[in-house]
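In what follows, a single structure is set out as structure tokens and then discussed.
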Amino acid sequence: MTGYHLAEMTTTSADEADLIAALRARDEVAFARLVDQHTPAMLRVARGYVASHEVAEEVVQETWIALLKGIDRFEGRSSLRTWLFTVMINIAKTRGLRDRTDADVQIAAYTGGTVDPKRFRDSDDPWPGHWKADEVPSPFPDTPEGSVLGGELLAVTRRELAKLPERQRLVVTMRDVLDMDSAEVSRLLDLSPANQRVLLHRGRAAVRQALENYLKEPV
Amino acid sequence: MNTEQPLDCNELVELVTDYLDGTLDLHTRARFDEHLLGCDGCANYLQQFRTTVATLGRVSEDAIDPAFRDKLLDAFKNWR
């Protein structure tokens with residue numbers, strides 16, 4: 001896998017080393033476990049590059065086949081997930097419709113705020129830039145898992161995530177849904193760490209706004 | 001306590017992800033923390049943001065379409 005910066009990736013865990021050994025021994029149960037563990041996230045990310053769910057499935061399938069073909073030579077210098085996503089994104093790019101080479105430039109060019117400027121006091125106020133009295137945020141309620149409100153907020157979150165512009169959606173999905181770290185996401189998406197955070201912040205802010213709107217709706 | 005330009009609320013809201021990632025320079029981080037001490041609105045905004053991130057972490061993946069899963073397992077059998 002020349003061309004990928006394997007040294008920068010997290011190394012393989014002991015648990016994963018066992019799985020890789022099982023794959024090399026042609027253990028189908030181990031393969032099924034890996035497929036179940038990684039495929040939904042792979043589809044979600046692949047979908048950010050290609051035109052349809054069908055093409056995303058082809059990209060994911062090609063990635064798994066690449067893993068099988070390479071497993072005997074897999075050196076465990078990266079985590080399996082990192083390897084899968086690195087290879088998959090490269091495959092997806094070749095199948096993608098959109099040119100995204102100047103993504104960093106486009107991100108930097110955008111300067112708008114993530115909160116409606118009307119919520120803040122004007123420059124002729126003694127406290128310019130501070131929350132207006134009737135626009136001060138209130139804390140979101142605690143919602144234990146399984147509670148009705150918790151389920152509703154989760155549904156609002158899922159809906160809003162799906163509506164985000166694709167690059168924001170990709171970054172938020174990788175960082176917050178899949179819990180990847182900032183360095184890994186920047187590398188996988190070929191973004192500067194700062195621009196990765198700008199996209200993450202805008203995406204999170206949009207979801208936050210949707211949740212706030214939902215909680216403010218009269219019952 | 002300090003004489004420099006304090007952070008306004010409309011500036012703070014744009015720094016929350018950097019704050020949570022720990023990437024603010026220490027000087028800006030101190031201005032952020034000082035602002036929070038005196039501003040319930042921004043403290044609440046930060047709480048909303050943390051709750052948003054936690055809720056995103058609970059967005060579970062959809063199960064794989066069984067037909068697609070079978071296709072992948074077939075690919076494995078062919079390879080084996």
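Chains: A, B, ... in order of the structure tokens. Residues: from 1 per chain. Ligands: from 1, in order shown.
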Select, as an mmCIF file with N, CA and C atoms, in the first residue's frame, those residues of chain A with any atom no more than 8 Å from chain B (distances computed using only C-alpha atoms).
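Resulting contents of out-v7.cif:
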data_model
loop_
_atom_site.group_PDB
_atom_site.id
_atom_site.type_symbol
_atom_site.label_atom_id
_atom_site.label_comp_id
_atom_site.auth_asym_id
_atom_site.auth_seq_id
_atom_site.Cartn_x
_atom_site.Cartn_y
_atom_site.Cartn_z
ATOM 1 N N ARG A 26 -8.651 -17.907 6.820
ATOM 2 C CA ARG A 26 -9.885 -18.048 6.019
ATOM 3 C C ARG A 26 -11.107 -18.343 6.896
ATOM 4 N N GLU A 28 -14.528 -17.589 8.161
ATOM 5 C CA GLU A 28 -15.655 -16.800 7.668
ATOM 6 C C GLU A 28 -16.358 -16.038 8.787
ATOM 7 N N PHE A 31 -14.644 -12.845 9.342
ATOM 8 C CA PHE A 31 -14.930 -11.903 8.261
ATOM 9 C C PHE A 31 -16.320 -11.287 8.448
ATOM 10 N N ALA A 32 -17.303 -12.114 8.762
ATOM 11 C CA ALA A 32 -18.669 -11.616 8.953
ATOM 12 C C ALA A 32 -18.709 -10.597 10.093
ATOM 13 N N VAL A 35 -17.304 -7.374 8.798
ATOM 14 C CA VAL A 35 -18.262 -6.770 7.865
ATOM 15 C C VAL A 35 -19.381 -6.068 8.641
ATOM 16 N N ASP A 36 -19.907 -6.765 9.645
ATOM 17 C CA ASP A 36 -20.996 -6.175 10.432
ATOM 18 C C ASP A 36 -20.528 -4.944 11.192
ATOM 19 N N THR A 39 -19.131 -2.118 7.933
ATOM 20 C CA THR A 39 -19.809 -1.795 6.673
ATOM 21 C C THR A 39 -20.792 -0.627 6.776
ATOM 22 N N PRO A 40 -21.631 -0.547 7.838
ATOM 23 C CA PRO A 40 -22.564 0.590 7.865
ATOM 24 C C PRO A 40 -21.853 1.937 7.836
ATOM 25 N N ALA A 41 -20.775 2.064 8.606
ATOM 26 C CA ALA A 41 -20.031 3.331 8.617
ATOM 27 C C ALA A 41 -19.367 3.579 7.269
ATOM 28 N N GLU A 57 -22.345 1.034 -2.465
ATOM 29 C CA GLU A 57 -22.202 -0.398 -2.158
ATOM 30 C C GLU A 57 -21.080 -1.025 -2.987
ATOM 31 N N GLN A 61 -17.858 -2.819 -1.444
ATOM 32 C CA GLN A 61 -17.530 -4.195 -1.806
ATOM 33 C C GLN A 61 -16.100 -4.293 -2.351
ATOM 34 N N TRP A 64 -13.641 -4.244 0.517
ATOM 35 C CA TRP A 64 -13.512 -5.516 1.240
ATOM 36 C C TRP A 64 -12.688 -6.513 0.425
ATOM 37 N N ILE A 65 -12.907 -6.516 -0.879
ATOM 38 C CA ILE A 65 -12.128 -7.436 -1.725
ATOM 39 C C ILE A 65 -10.650 -7.040 -1.697
ATOM 40 N N LEU A 68 -9.211 -8.434 1.453
ATOM 41 C CA LEU A 68 -8.955 -9.878 1.370
ATOM 42 C C LEU A 68 -7.706 -10.151 0.539
ATOM 43 N N LYS A 69 -7.607 -9.453 -0.580
ATOM 44 C CA LYS A 69 -6.440 -9.672 -1.444
ATOM 45 C C LYS A 69 -5.149 -9.264 -0.755
ATOM 46 N N GLY A 113 -21.277 33.574 10.356
ATOM 47 C CA GLY A 113 -21.348 32.983 11.688
ATOM 48 C C GLY A 113 -22.271 31.781 11.712
ATOM 49 N N THR A 114 -22.175 30.992 12.792
ATOM 50 C CA THR A 114 -23.008 29.797 12.908
ATOM 51 C C THR A 114 -24.233 30.042 13.785
ATOM 52 N N VAL A 115 -24.346 31.240 14.337
ATOM 53 C CA VAL A 115 -25.534 31.596 15.121
ATOM 54 C C VAL A 115 -26.125 32.847 14.483
ATOM 55 N N PRO A 117 -27.066 36.254 13.623
ATOM 56 C CA PRO A 117 -26.527 37.496 14.214
ATOM 57 C C PRO A 117 -27.604 38.332 14.906
ATOM 58 N N PHE A 120 -27.802 38.644 18.775
ATOM 59 C CA PHE A 120 -26.828 39.403 19.567
ATOM 60 C C PHE A 120 -27.128 40.894 19.507
ATOM 61 N N PRO A 128 -22.385 45.372 23.165
ATOM 62 C CA PRO A 128 -22.470 44.862 21.792
ATOM 63 C C PRO A 128 -21.904 43.442 21.703
ATOM 64 N N GLY A 129 -22.555 42.629 20.880
ATOM 65 C CA GLY A 129 -22.052 41.264 20.678
ATOM 66 C C GLY A 129 -22.498 40.296 21.741
ATOM 67 N N HIS A 130 -23.261 40.779 22.738
ATOM 68 C CA HIS A 130 -23.766 39.859 23.763
ATOM 69 C C HIS A 130 -25.198 39.437 23.433
ATOM 70 N N TRP A 131 -25.634 38.351 24.057
ATOM 71 C CA TRP A 131 -26.978 37.841 23.799
ATOM 72 C C TRP A 131 -28.015 38.911 24.110
ATOM 73 N N VAL A 136 -31.244 34.630 25.001
ATOM 74 C CA VAL A 136 -30.242 33.896 25.785
ATOM 75 C C VAL A 136 -30.548 32.395 25.732
ATOM 76 N N PRO A 137 -29.564 31.567 25.393
ATOM 77 C CA PRO A 137 -29.840 30.124 25.328
ATOM 78 C C PRO A 137 -30.177 29.543 26.702
ATOM 79 N N SER A 138 -31.053 28.559 26.699
ATOM 80 C CA SER A 138 -31.359 27.804 27.919
ATOM 81 C C SER A 138 -30.728 26.430 27.791
ATOM 82 N N PRO A 139 -30.371 25.830 28.925
ATOM 83 C CA PRO A 139 -29.748 24.499 28.829
ATOM 84 C C PRO A 139 -30.696 23.491 28.192
ATOM 85 N N PHE A 140 -30.145 22.544 27.447
ATOM 86 C CA PHE A 140 -30.960 21.437 26.946
ATOM 87 C C PHE A 140 -31.247 20.494 28.108
ATOM 88 N N LEU A 153 -35.201 13.672 20.347
ATOM 89 C CA LEU A 153 -34.022 14.491 20.030
ATOM 90 C C LEU A 153 -33.057 13.730 19.128
ATOM 91 N N LEU A 154 -32.978 12.434 19.351
ATOM 92 C CA LEU A 154 -32.134 11.608 18.498
ATOM 93 C C LEU A 154 -32.666 11.614 17.057
ATOM 94 N N THR A 157 -31.843 14.880 15.485
ATOM 95 C CA THR A 157 -30.413 14.911 15.184
ATOM 96 C C THR A 157 -30.111 14.142 13.905
ATOM 97 N N ARG A 158 -30.708 12.955 13.791
ATOM 98 C CA ARG A 158 -30.456 12.119 12.611
ATOM 99 C C ARG A 158 -30.949 12.832 11.352
ATOM 100 N N ASP A 176 -18.067 12.620 15.227
ATOM 101 C CA ASP A 176 -19.005 12.486 16.347
ATOM 102 C C ASP A 176 -19.798 11.187 16.338
ATOM 103 N N VAL A 177 -20.162 10.704 15.157
ATOM 104 C CA VAL A 177 -20.918 9.449 15.118
ATOM 105 C C VAL A 177 -19.953 8.267 15.230
ATOM 106 N N LEU A 178 -18.855 8.322 14.461
ATOM 107 C CA LEU A 178 -17.906 7.202 14.457
ATOM 108 C C LEU A 178 -16.759 7.394 15.450
ATOM 109 N N ASP A 179 -16.698 8.580 16.064
ATOM 110 C CA ASP A 179 -15.711 8.840 17.111
ATOM 111 C C ASP A 179 -14.264 8.704 16.623
ATOM 112 N N ARG A 197 -11.929 21.321 11.387
ATOM 113 C CA ARG A 197 -12.668 21.810 12.558
ATOM 114 C C ARG A 197 -13.731 22.825 12.175
ATOM 115 N N LEU A 200 -16.606 20.756 11.012
ATOM 116 C CA LEU A 200 -17.202 20.099 12.175
ATOM 117 C C LEU A 200 -18.043 21.094 12.962
ATOM 118 N N HIS A 201 -17.491 22.284 13.159
ATOM 119 C CA HIS A 201 -18.195 23.281 13.955
ATOM 120 C C HIS A 201 -19.500 23.714 13.280
ATOM 121 N N ARG A 204 -22.049 20.779 13.556
ATOM 122 C CA ARG A 204 -22.581 20.651 14.921
ATOM 123 C C ARG A 204 -23.526 21.805 15.249
ATOM 124 N N ALA A 205 -23.123 23.024 14.819
ATOM 125 C CA ALA A 205 -23.936 24.200 15.128
ATOM 126 C C ALA A 205 -25.316 24.090 14.464
ATOM 127 N N VAL A 207 -26.910 21.280 13.803
ATOM 128 C CA VAL A 207 -27.676 20.277 14.554
ATOM 129 C C VAL A 207 -28.153 20.892 15.877
ATOM 130 N N ARG A 208 -27.267 21.630 16.530
ATOM 131 C CA ARG A 208 -27.653 22.302 17.782
ATOM 132 C C ARG A 208 -28.859 23.211 17.559
ATOM 133 N N LEU A 211 -32.030 21.241 17.247
ATOM 134 C CA LEU A 211 -32.482 20.754 18.553
ATOM 135 C C LEU A 211 -33.115 21.887 19.357
#
Inset, instruction - Using DSSP on the backbone, list every residue of stretch 43-206 of chain A that comes out as alpha helix (DSSP H), and give them as a ChimeraX atom specification. - result: /A:43-46,53-70,80-95,103-109,148-163,166-172,182-189,193-206
